[in-house]
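K.L.:
My file is data.cif. It has mmCIF, C-alpha atoms and all ligand atoms:
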```
data_structure
#
loop_
_atom_site.label_atom_id
_atom_site.label_comp_id
_atom_site.auth_asym_id
_atom_site.auth_seq_id
_atom_site.Cartn_x
_atom_site.Cartn_y
_atom_site.Cartn_z
CA MET A 1 0.00 0.00 0.00
CA SER A 2 1.48 3.33 -1.09
CA LYS A 3 1.77 6.15 1.42
CA THR A 4 -0.26 9.34 0.93
CA TYR A 5 1.88 12.26 -0.20
CA GLY A 6 1.11 15.82 0.86
CA PHE A 7 1.34 18.25 -2.06
CA GLY A 8 1.96 21.98 -2.21
CA ILE A 9 1.66 24.14 -5.34
CA ILE A 10 3.94 27.10 -6.12
CA GLY A 11 2.47 29.38 -8.81
CA THR A 12 -1.31 29.54 -8.79
CA GLY A 13 -1.88 30.79 -12.33
CA MET A 14 -3.30 28.93 -15.32
CA ILE A 15 -1.35 25.67 -14.97
CA GLY A 16 -1.58 25.68 -11.16
CA ASN A 17 -5.26 24.81 -11.57
CA PHE A 18 -4.39 21.76 -13.68
CA HIS A 19 -1.95 20.68 -10.97
CA ALA A 20 -4.67 20.99 -8.32
CA LYS A 21 -7.14 18.97 -10.42
CA ALA A 22 -4.55 16.27 -11.14
CA ILE A 23 -3.51 16.00 -7.46
CA ASN A 24 -7.13 15.82 -6.33
CA GLU A 25 -7.69 12.85 -8.66
CA LEU A 26 -4.80 10.82 -7.23
CA PRO A 27 -5.78 8.37 -4.48
CA ASN A 28 -2.38 8.61 -2.77
CA ALA A 29 -2.05 12.42 -2.89
CA LYS A 30 -3.51 15.17 -0.73
CA LEU A 31 -3.36 18.83 -1.67
CA ILE A 32 -2.24 20.78 1.40
CA ALA A 33 -1.26 24.34 0.50
CA ALA A 34 -0.40 26.90 -2.17
CA PHE A 35 2.05 29.77 -2.52
CA ASP A 36 2.16 32.52 -5.13
CA GLN A 37 4.26 35.67 -5.18
CA VAL A 38 0.97 37.55 -5.52
CA GLU A 39 -0.60 36.83 -2.13
CA GLU A 40 -4.13 37.53 -3.29
CA ARG A 41 -3.86 34.92 -6.03
CA ALA A 42 -2.71 32.25 -3.58
CA LYS A 43 -5.63 33.12 -1.26
CA THR A 44 -8.27 32.90 -4.01
CA PHE A 45 -6.77 29.62 -5.20
CA ALA A 46 -6.61 28.18 -1.68
CA ASP A 47 -10.26 29.11 -1.05
CA GLN A 48 -11.27 27.43 -4.30
CA TYR A 49 -9.56 24.15 -3.36
CA GLY A 50 -10.13 24.28 0.41
CA ILE A 51 -6.41 24.39 1.28
CA LYS A 52 -3.96 26.69 3.11
CA ALA A 53 -2.39 29.76 1.47
CA TYR A 54 1.04 30.99 2.50
CA SER A 55 2.38 34.49 2.02
CA THR A 56 6.09 33.59 2.16
CA LEU A 57 7.97 30.82 0.42
CA ASP A 58 9.89 29.80 3.54
CA ARG A 59 6.74 29.40 5.66
CA PHE A 60 5.19 27.33 2.86
CA LEU A 61 8.28 25.11 2.60
CA GLU A 62 8.41 24.66 6.38
CA ASP A 63 4.97 23.00 6.35
CA PRO A 64 5.66 19.44 7.57
CA GLN A 65 2.54 18.12 5.81
CA ILE A 66 4.06 18.89 2.39
CA ASP A 67 6.18 16.10 0.85
CA VAL A 68 6.03 17.11 -2.83
CA VAL A 69 5.97 20.58 -4.36
CA THR A 70 4.75 21.26 -7.91
CA ILE A 71 6.11 24.34 -9.68
CA GLY A 72 3.89 26.37 -12.04
CA THR A 73 5.70 29.71 -12.04
CA PRO A 74 6.88 31.31 -15.32
CA SER A 75 9.56 29.18 -17.00
CA GLY A 76 12.48 31.47 -16.07
CA SER A 77 11.32 31.44 -12.42
CA HIS A 78 11.42 27.66 -11.94
CA MET A 79 14.93 27.49 -10.51
CA GLU A 80 14.64 29.52 -7.30
CA PRO A 81 11.62 27.69 -5.79
CA THR A 82 12.96 24.32 -7.00
CA VAL A 83 16.32 24.86 -5.29
CA SER A 84 14.68 26.23 -2.11
CA ALA A 85 12.35 23.23 -1.95
CA ALA A 86 15.34 20.87 -2.06
CA LYS A 87 16.91 22.73 0.88
CA PHE A 88 13.72 22.10 2.87
CA GLY A 89 13.81 18.40 1.94
CA LYS A 90 10.83 18.52 -0.44
CA HIS A 91 10.59 16.56 -3.68
CA VAL A 92 9.72 18.69 -6.73
CA ILE A 93 7.73 18.18 -9.90
CA CYS A 94 8.48 21.14 -12.17
CA GLU A 95 6.62 22.38 -15.23
CA LYS A 96 8.03 22.40 -18.72
CA PRO A 97 10.42 23.70 -19.85
CA LEU A 98 12.45 22.75 -16.78
CA GLU A 99 14.15 26.17 -16.95
CA VAL A 100 15.34 28.51 -19.67
CA THR A 101 19.13 27.91 -19.56
CA LEU A 102 21.16 24.74 -19.04
CA SER A 103 23.17 26.27 -16.19
CA ARG A 104 19.97 27.06 -14.26
CA ILE A 105 18.74 23.50 -14.88
CA ASP A 106 22.05 22.09 -13.67
CA GLU A 107 21.71 24.06 -10.41
CA MET A 108 18.26 22.52 -9.90
CA ILE A 109 19.52 18.99 -10.55
CA GLU A 110 22.52 19.49 -8.28
CA ALA A 111 20.42 20.91 -5.43
CA HIS A 112 18.19 17.82 -5.40
CA GLN A 113 21.11 15.41 -5.74
CA LYS A 114 22.75 17.10 -2.76
CA ALA A 115 19.54 17.05 -0.68
CA GLY A 116 18.70 13.44 -1.58
CA THR A 117 15.29 14.56 -2.86
CA LYS A 118 13.80 13.77 -6.28
CA LEU A 119 13.33 16.24 -9.11
CA GLY A 120 10.81 15.37 -11.82
CA GLY A 121 9.77 17.19 -14.97
CA VAL A 122 6.36 17.70 -16.56
CA PHE A 123 5.89 16.49 -20.12
CA ASN A 124 2.23 15.58 -19.93
CA SER A 125 2.01 14.69 -23.65
CA ARG A 126 4.22 11.67 -22.99
CA TYR A 127 1.47 10.28 -20.75
CA GLU A 128 -1.21 10.51 -23.43
CA PRO A 129 -2.25 6.84 -23.87
CA VAL A 130 -1.61 6.91 -27.63
CA ASN A 131 1.99 8.03 -27.03
CA GLN A 132 2.58 5.40 -24.33
CA MET A 133 1.37 2.78 -26.84
CA LEU A 134 3.60 4.19 -29.62
CA LYS A 135 6.65 4.14 -27.36
CA LYS A 136 6.19 0.37 -26.91
CA VAL A 137 5.68 -0.17 -30.65
CA VAL A 138 8.80 1.80 -31.62
CA SER A 139 10.89 0.16 -28.86
CA ALA A 140 9.82 -3.26 -30.18
CA GLY A 141 11.56 -2.37 -33.45
CA ARG A 142 8.48 -2.41 -35.67
CA LEU A 143 9.60 0.61 -37.70
CA GLY A 144 12.66 -1.34 -38.89
CA ARG A 145 15.61 0.94 -39.37
CA ILE A 146 14.28 4.34 -38.35
CA THR A 147 15.00 6.87 -41.09
CA TYR A 148 12.68 9.79 -40.26
CA GLY A 149 11.33 11.66 -37.24
CA ALA A 150 9.47 14.96 -37.26
CA GLY A 151 7.48 17.16 -34.90
CA TYR A 152 5.07 19.88 -36.05
CA VAL A 153 3.34 22.45 -33.84
CA PRO A 154 1.23 24.56 -36.21
CA TRP A 155 -0.49 26.65 -33.54
CA PHE A 156 -2.05 30.05 -33.06
CA ARG A 157 -1.76 32.49 -30.17
CA SER A 158 -3.28 35.94 -30.40
CA GLN A 159 -1.38 39.18 -29.83
CA GLU A 160 -3.49 39.59 -26.63
CA TYR A 161 -2.15 36.27 -25.30
CA TYR A 162 1.36 37.71 -25.37
CA ASP A 163 0.33 41.22 -24.27
CA GLN A 164 -1.56 40.14 -21.15
CA GLY A 165 0.95 37.56 -19.87
CA GLY A 166 3.74 39.96 -18.96
CA TRP A 167 6.38 37.21 -18.88
CA ARG A 168 5.30 35.59 -22.16
CA GLY A 169 7.49 36.23 -25.18
CA THR A 170 10.48 37.37 -23.07
CA TRP A 171 13.90 35.70 -23.12
CA LYS A 172 14.28 36.02 -19.36
CA PHE A 173 11.05 34.34 -18.29
CA ASP A 174 9.73 32.44 -21.36
CA GLY A 175 13.23 31.48 -22.52
CA GLY A 176 12.13 31.60 -26.15
CA GLY A 177 8.97 31.68 -28.20
CA ALA A 178 6.88 29.14 -30.10
CA LEU A 179 9.48 26.37 -29.81
CA MET A 180 10.49 26.82 -26.14
CA ASN A 181 6.99 27.41 -24.80
CA GLN A 182 4.43 25.67 -27.04
CA GLY A 183 6.78 23.34 -28.97
CA THR A 184 8.77 21.87 -26.11
CA HIS A 185 6.26 19.02 -25.54
CA THR A 186 6.68 17.91 -29.15
CA VAL A 187 10.47 18.22 -28.96
CA ASP A 188 10.43 15.90 -25.94
CA LEU A 189 7.96 13.48 -27.54
CA LEU A 190 10.00 13.23 -30.71
CA ARG A 191 13.32 12.41 -29.00
CA TRP A 192 11.62 10.09 -26.50
CA LEU A 193 9.71 8.15 -29.18
CA MET A 194 12.72 7.99 -31.51
CA GLY A 195 14.78 6.43 -28.72
CA SER A 196 17.71 8.32 -30.17
CA GLU A 197 19.11 11.74 -29.35
CA VAL A 198 19.26 14.69 -31.74
CA LYS A 199 22.92 15.05 -32.71
CA ARG A 200 23.02 17.98 -35.15
CA ILE A 201 20.69 20.87 -35.93
CA SER A 202 20.41 23.52 -38.66
CA ALA A 203 17.66 26.04 -37.99
CA PHE A 204 15.88 29.27 -38.81
CA THR A 205 13.65 31.35 -36.55
CA ALA A 206 11.49 34.41 -37.29
CA LEU A 207 8.90 36.74 -35.80
CA LEU A 208 6.18 36.73 -38.43
CA GLY A 209 2.70 37.19 -36.96
CA HIS A 210 3.09 39.20 -33.74
CA GLU A 211 4.53 42.49 -32.56
CA ARG A 212 6.78 43.56 -29.69
CA LEU A 213 8.05 40.02 -28.87
CA GLU A 214 11.73 39.54 -28.05
CA VAL A 215 11.48 35.91 -29.20
CA GLU A 216 10.45 33.93 -32.28
CA ASP A 217 6.87 33.01 -33.14
CA THR A 218 8.06 30.60 -35.85
CA ALA A 219 10.96 28.12 -35.84
CA ALA A 220 12.03 25.54 -38.43
CA ALA A 221 14.90 23.09 -38.01
CA ALA A 222 16.50 20.19 -39.85
CA LEU A 223 17.69 17.42 -37.52
CA GLU A 224 20.18 14.60 -37.60
CA PHE A 225 19.71 11.90 -34.95
CA ALA A 226 22.43 9.79 -33.35
CA ASN A 227 20.99 6.68 -35.05
CA GLY A 228 21.50 8.33 -38.46
CA ALA A 229 17.84 9.24 -39.08
CA LEU A 230 17.01 12.69 -40.42
CA GLY A 231 14.07 14.83 -39.39
CA ILE A 232 12.29 18.12 -38.97
CA LEU A 233 11.00 20.36 -36.20
CA PHE A 234 8.51 23.12 -36.92
CA ALA A 235 6.72 25.26 -34.34
CA THR A 236 4.70 28.41 -34.71
CA THR A 237 2.08 30.47 -32.90
CA ALA A 238 1.34 32.48 -36.04
CA LEU A 239 -0.73 30.00 -38.04
CA TRP A 240 -4.45 30.67 -37.67
CA PRO A 241 -6.63 28.86 -36.62
CA GLY A 242 -4.12 26.28 -35.30
CA GLN A 243 -3.98 22.55 -35.99
CA PRO A 244 -3.17 19.72 -33.56
CA ALA A 245 0.51 19.13 -32.82
CA ARG A 246 1.79 16.15 -34.79
CA VAL A 247 4.64 13.66 -34.45
CA GLU A 248 5.71 11.50 -37.41
CA LEU A 249 8.17 8.61 -37.26
CA GLY A 250 9.05 6.06 -39.85
CA GLY A 251 11.57 3.68 -41.24
CA THR A 252 12.15 0.68 -43.46
CA GLY A 253 9.46 -1.30 -41.59
CA GLY A 254 6.60 1.16 -41.08
CA MET A 255 5.27 4.59 -40.31
CA ILE A 256 3.33 6.12 -37.44
CA VAL A 257 1.72 9.54 -37.06
CA SER A 258 -0.01 10.84 -33.95
CA GLU A 259 -1.86 14.10 -33.50
CA THR A 260 -2.13 14.90 -29.77
CA SER A 261 -4.51 12.18 -28.51
CA CYS A 262 -5.31 10.61 -31.88
CA LEU A 263 -3.53 8.00 -33.99
CA LYS A 264 -3.54 9.12 -37.65
CA THR A 265 -1.22 6.58 -39.31
CA PHE A 266 -0.22 3.09 -38.10
CA LYS A 267 1.20 1.09 -41.00
CA PHE A 268 3.74 -1.70 -41.02
CA ALA A 269 5.44 -3.77 -43.71
CA GLN A 270 4.72 -6.75 -41.44
CA PRO A 271 1.29 -6.23 -39.84
CA GLU A 272 0.49 -7.99 -36.57
CA PRO A 273 -2.85 -9.40 -35.38
CA GLY A 274 -3.48 -6.66 -32.77
CA ASP A 275 -2.91 -3.73 -35.17
CA GLU A 276 -6.55 -3.30 -36.25
CA LYS A 277 -7.69 -3.17 -32.61
CA ILE A 278 -5.10 -0.48 -31.85
CA ILE A 279 -6.30 1.60 -34.82
CA GLU A 280 -9.90 1.23 -33.60
CA GLU A 281 -8.99 2.20 -30.04
CA PHE A 282 -6.72 5.17 -30.74
CA GLY A 283 -7.83 6.25 -34.21
CA ALA A 284 -10.98 8.08 -33.24
CA PRO A 285 -10.72 9.83 -29.85
CA PRO A 286 -11.58 13.52 -29.90
CA ILE A 287 -8.45 15.61 -30.17
CA VAL A 288 -7.94 17.67 -27.04
CA GLY A 289 -5.06 20.11 -27.26
CA GLY A 290 -3.95 23.69 -27.02
CA ALA A 291 -3.78 24.37 -30.77
CA SER A 292 -5.58 27.69 -30.47
CA ASP A 293 -6.51 27.89 -26.77
CA PRO A 294 -3.88 27.28 -24.06
CA LYS A 295 -6.57 26.17 -21.57
CA ALA A 296 -7.97 23.48 -23.92
CA ILE A 297 -5.90 20.72 -22.35
CA SER A 298 -7.06 18.05 -19.90
CA ALA A 299 -5.62 17.38 -16.43
CA ASP A 300 -5.55 13.60 -17.12
CA ASN A 301 -2.00 13.56 -18.44
CA HIS A 302 -0.72 15.69 -15.56
CA ARG A 303 -2.36 13.15 -13.25
CA ARG A 304 -0.55 10.27 -15.04
CA ASN A 305 2.70 12.28 -15.01
CA PHE A 306 2.41 12.87 -11.22
CA GLU A 307 1.33 9.25 -10.62
CA THR A 308 4.52 7.94 -12.26
CA PHE A 309 6.57 10.29 -10.06
CA LEU A 310 4.88 8.98 -6.91
CA LYS A 311 5.48 5.38 -7.99
CA ALA A 312 9.20 6.18 -8.21
CA LEU A 313 9.08 7.71 -4.70
CA ASP A 314 7.34 4.58 -3.40
CA ALA A 315 10.01 2.41 -5.00
CA GLY A 316 12.86 4.69 -3.90
CA VAL A 317 14.15 4.99 -7.50
CA GLU A 318 14.78 7.89 -9.90
CA PRO A 319 11.61 9.02 -11.73
CA GLU A 320 11.77 8.09 -15.45
CA LEU A 321 11.18 11.77 -16.31
CA ASN A 322 13.79 13.18 -13.93
CA GLY A 323 15.72 16.44 -14.20
CA VAL A 324 18.38 14.97 -16.48
CA GLU A 325 15.73 13.62 -18.85
CA ALA A 326 13.64 16.84 -18.89
CA ARG A 327 16.83 18.87 -19.57
CA LYS A 328 17.30 17.24 -22.99
CA ALA A 329 14.36 18.96 -24.71
CA VAL A 330 15.60 22.34 -23.47
CA GLN A 331 19.06 21.59 -24.86
CA ILE A 332 17.54 20.87 -28.28
CA VAL A 333 15.50 24.09 -28.25
CA LEU A 334 18.52 26.17 -27.20
CA SER A 335 20.57 24.55 -29.98
CA VAL A 336 17.88 25.53 -32.51
CA TYR A 337 18.19 29.13 -31.30
CA GLU A 338 21.98 29.01 -31.48
CA SER A 339 21.93 27.68 -35.04
CA ALA A 340 19.39 30.31 -36.11
CA ARG A 341 21.49 33.04 -34.51
CA THR A 342 24.84 31.98 -35.92
CA GLY A 343 23.66 30.64 -39.27
CA LYS A 344 25.69 27.46 -38.59
CA PRO A 345 24.81 23.85 -37.73
CA VAL A 346 25.05 23.07 -34.00
CA GLU A 347 26.36 19.75 -32.63
CA ILE A 348 24.73 18.51 -29.42
CA ARG A 349 27.09 16.69 -27.08
N1 LIG B 1 2.33 21.37 -19.20
C1 LIG B 1 1.58 22.18 -19.91
O1 LIG B 1 0.83 21.75 -20.77
C2 LIG B 1 1.66 23.66 -19.64
C3 LIG B 1 0.63 24.51 -20.12
C4 LIG B 1 0.72 25.88 -19.82
C5 LIG B 1 1.81 26.37 -19.11
N2 LIG B 1 2.79 25.52 -18.69
C6 LIG B 1 3.98 26.04 -17.97
O2 LIG B 1 3.56 26.45 -16.67
C7 LIG B 1 4.30 27.59 -16.26
C8 LIG B 1 3.34 28.70 -15.87
O3 LIG B 1 2.50 29.04 -16.95
P1 LIG B 1 1.04 29.70 -16.72
O4 LIG B 1 0.45 29.82 -18.08
O5 LIG B 1 0.32 28.97 -15.66
O6 LIG B 1 1.47 31.16 -16.18
P2 LIG B 1 0.58 32.19 -15.35
O7 LIG B 1 1.16 33.52 -15.64
O8 LIG B 1 -0.87 31.95 -15.61
O9 LIG B 1 0.86 31.79 -13.82
C9 LIG B 1 2.12 31.92 -13.20
C10 LIG B 1 1.89 32.20 -11.71
O10 LIG B 1 3.14 32.19 -11.04
C11 LIG B 1 3.19 33.29 -10.12
N3 LIG B 1 4.61 33.59 -9.90
C12 LIG B 1 5.49 34.24 -10.72
N4 LIG B 1 6.73 34.21 -10.20
C13 LIG B 1 6.64 33.56 -9.01
C14 LIG B 1 7.58 33.22 -8.02
N5 LIG B 1 8.87 33.53 -8.15
N6 LIG B 1 7.14 32.56 -6.92
C15 LIG B 1 5.82 32.23 -6.78
N7 LIG B 1 4.88 32.53 -7.70
C16 LIG B 1 5.29 33.17 -8.82
C17 LIG B 1 2.40 34.38 -10.79
O11 LIG B 1 1.95 35.34 -9.85
C18 LIG B 1 1.27 33.58 -11.43
O12 LIG B 1 0.16 33.44 -10.55
C19 LIG B 1 5.25 27.94 -17.42
O13 LIG B 1 6.51 27.37 -17.19
C20 LIG B 1 4.59 27.26 -18.61
O14 LIG B 1 5.52 26.89 -19.62
C21 LIG B 1 2.72 24.19 -18.93
#
```
Let me see whether you can do it: turn the structure in this file into structure tokens.

P.N.:
Amino acid sequence: MSKTYGFGIIGTGMIGNFHAKAINELPNAKLIAAFDQVEERAKTFADQYGIKAYSTLDRFLEDPQIDVVTIGTPSGSHMEPTVSAAKFGKHVICEKPLEVTLSRIDEMIEAHQKAGTKLGGVFNSRYEPVNQMLKKVVSAGRLGRITYGAGYVPWFRSQEYYDQGGWRGTWKFDGGGALMNQGTHTVDLLRWLMGSEVKRISAFTALLGHERLEVEDTAAAALEFANGALGILFATTALWPGQPARVELGGTGGMIVSETSCLKTFKFAQPEPGDEKIIEEFGAPPIVGGASDPKAISADNHRRNFETFLKALDAGVEPELNGVEARKAVQIVLSVYESARTGKPVEIR
């Protein structure tokens, strides 16, 4: 029987609500308290979920009922609360992207290694049932020699979305634009499903459909994977009305395409008896995703993401999506930016 873990939430904005819903749906989790740098926001949030609100981070982290802290602050403000939580002996599950620079991520990883606490990332798309199924299929070798892997995020965000957020579209707090913020899930999915790391990148970025952003709203990259396969990454928030994010993988033995929660292509040179059933099960679900509305996601995949983290705590092992694993997508995104800036291919080591 698993123990019940007390949870605290730091950052009670848009995604903080998804964290609360996910935690409330877990049988072995209990939501205890919330903290936000805007005290009023934490209070309103705490009233809504019937929990405590704290007005200082230290008081929040001193709460002995809290075992696990989830972080939903702006991306460039993930490091400070994550490092502080480690010092207070709390495990952390931190939103994507883990942070906006590799040195800040390394500080987070180091703080938890030193404290003996666990640091986990959030890549909720990985926990979409169709993607869990595809991971097994690719790992079983059914694509033959993998020759191609691509991720597309043809999304739309209005000018108001950037204008009202304050931190959105800034290097310091968003860490980048369409690829770092909206595209990072697809970057992670692609490298995770491929089972091979991106080795070399040539990229372009541009600001095409918005004004006053420091960062790109469109990014396109050519990829070379360690296994020799070639591929593509494309992310934008300037493509109205927005289409579901898509991952495509293929090789000498087959091809698969998934769009958020829905299987679009599942074809193999050597079909197996269960294939038709898989197409029936995953081929038709309604597509839920943030293609044009950032709130149009479900809390189910956050719940699965958190559940996997708690299983690792129960077993006393590293979570599969730990800090080192969540760092990799950020490294790819930063390499895209470097290639676009310098006009040269970037090697990832
Ligand atoms: N996994 C997903 O699908 C998903 C979806 C949306 C956003 N996100 C991520 O969640 C994070 C937050 O995004 P959001 O849209 O909820 O932002 P938001 O602006 O709606 O909320 C952020 C909250 O953090 C608070 N805050 C800021 N700095 C703080 C600090 N230092 N300490 C405590 N509180 C602080 C703000 O007052 C605000 O209430 C980002 O990293 C974003 O990339 C993930």

K.L.:
Using all atoms listed in the file, find each residue with an atom at most 6 Å away from ligand LIG 1 (chain B) and format the answer as number ranges by chain.

P.N.:
A: 10-16, 36-38, 72-75, 77, 95-97, 124, 165, 181

K.L.:
How about saving the chosen residues, C-alpha atoms kept, as a PDB file, in the frame of the given file?

P.N.:
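Just written: result.pdb:
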```pdb
ATOM      1  CA  ILE A  10       3.940  27.100  -6.120  1.00  0.00           C
ATOM      2  CA  GLY A  11       2.470  29.380  -8.810  1.00  0.00           C
ATOM      3  CA  THR A  12      -1.310  29.540  -8.790  1.00  0.00           C
ATOM      4  CA  GLY A  13      -1.880  30.790 -12.330  1.00  0.00           C
ATOM      5  CA  MET A  14      -3.300  28.930 -15.320  1.00  0.00           C
ATOM      6  CA  ILE A  15      -1.350  25.670 -14.970  1.00  0.00           C
ATOM      7  CA  GLY A  16      -1.580  25.680 -11.160  1.00  0.00           C
ATOM      8  CA  ASP A  36       2.160  32.520  -5.130  1.00  0.00           C
ATOM      9  CA  GLN A  37       4.260  35.670  -5.180  1.00  0.00           C
ATOM     10  CA  VAL A  38       0.970  37.550  -5.520  1.00  0.00           C
ATOM     11  CA  GLY A  72       3.890  26.370 -12.040  1.00  0.00           C
ATOM     12  CA  THR A  73       5.700  29.710 -12.040  1.00  0.00           C
ATOM     13  CA  PRO A  74       6.880  31.310 -15.320  1.00  0.00           C
ATOM     14  CA  SER A  75       9.560  29.180 -17.000  1.00  0.00           C
ATOM     15  CA  SER A  77      11.320  31.440 -12.420  1.00  0.00           C
ATOM     16  CA  GLU A  95       6.620  22.380 -15.230  1.00  0.00           C
ATOM     17  CA  LYS A  96       8.030  22.400 -18.720  1.00  0.00           C
ATOM     18  CA  PRO A  97      10.420  23.700 -19.850  1.00  0.00           C
ATOM     19  CA  ASN A 124       2.230  15.580 -19.930  1.00  0.00           C
ATOM     20  CA  GLY A 165       0.950  37.560 -19.870  1.00  0.00           C
ATOM     21  CA  ASN A 181       6.990  27.410 -24.800  1.00  0.00           C
TER      22      ASN A 181
END
```

K.L.:
Out of A:Ile66, A:Ile297, A:Ala238, A:Leu207, which residue has the shortest atom-to-atom distance to Gly176 of chain A when counting only C-alpha atoms?

P.N.:
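Ranked by minimum distance to Gly176 of chain A, first place goes to A:Leu207.
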
K.L.:
Which of these residues is nearest to Gly250 of chain A, using all atoms listed in the file: A:Lys264, A:Gly144, A:Ala315, A:Arg327?

P.N.:
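Nearest candidate to Gly250 of chain A out of A:Lys264, A:Gly144, A:Ala315, A:Arg327: A:Gly144.
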
K.L.:
In file coordinates, which residues lie within 10 Å of (9.4, 6.3, -10.2) using all atoms listed in the file, given as a list in words?

P.N.:
Lys118, Gly120, Phe306, Glu307, Thr308, Phe309, Leu310, Lys311, Ala312, Leu313, Asp314, Ala315, Gly316, Val317, Glu318, Pro319, Glu320, Leu321 and Asn322 of chain A

K.L.:
Could you give me, as a PyMOL selection string, the residues within 9 Å of Gly253 of chain A, counting all atoms listed in the file and dropping anything in the same chain fewer than 4 positions from it?

P.N.:
chain A and resi 141-146+267-270

K.L.:
Excluding Gly228 of chain A and residues on its chain fewer than 4 positions from it, collect all residues at most 9 Å away from it, counting all atoms listed in the file, and give them as JSON, numbers by chain.

P.N.:
{"A": [146, 147, 199, 224]}

K.L.:
Could you pull out every residue with an atom within 9 Å of (17.5, 23.3, -22.7), file coordinates, counting all atoms listed in the file, and send them as number ranges by chain?

P.N.:
A: 97-102, 105, 180, 326-335
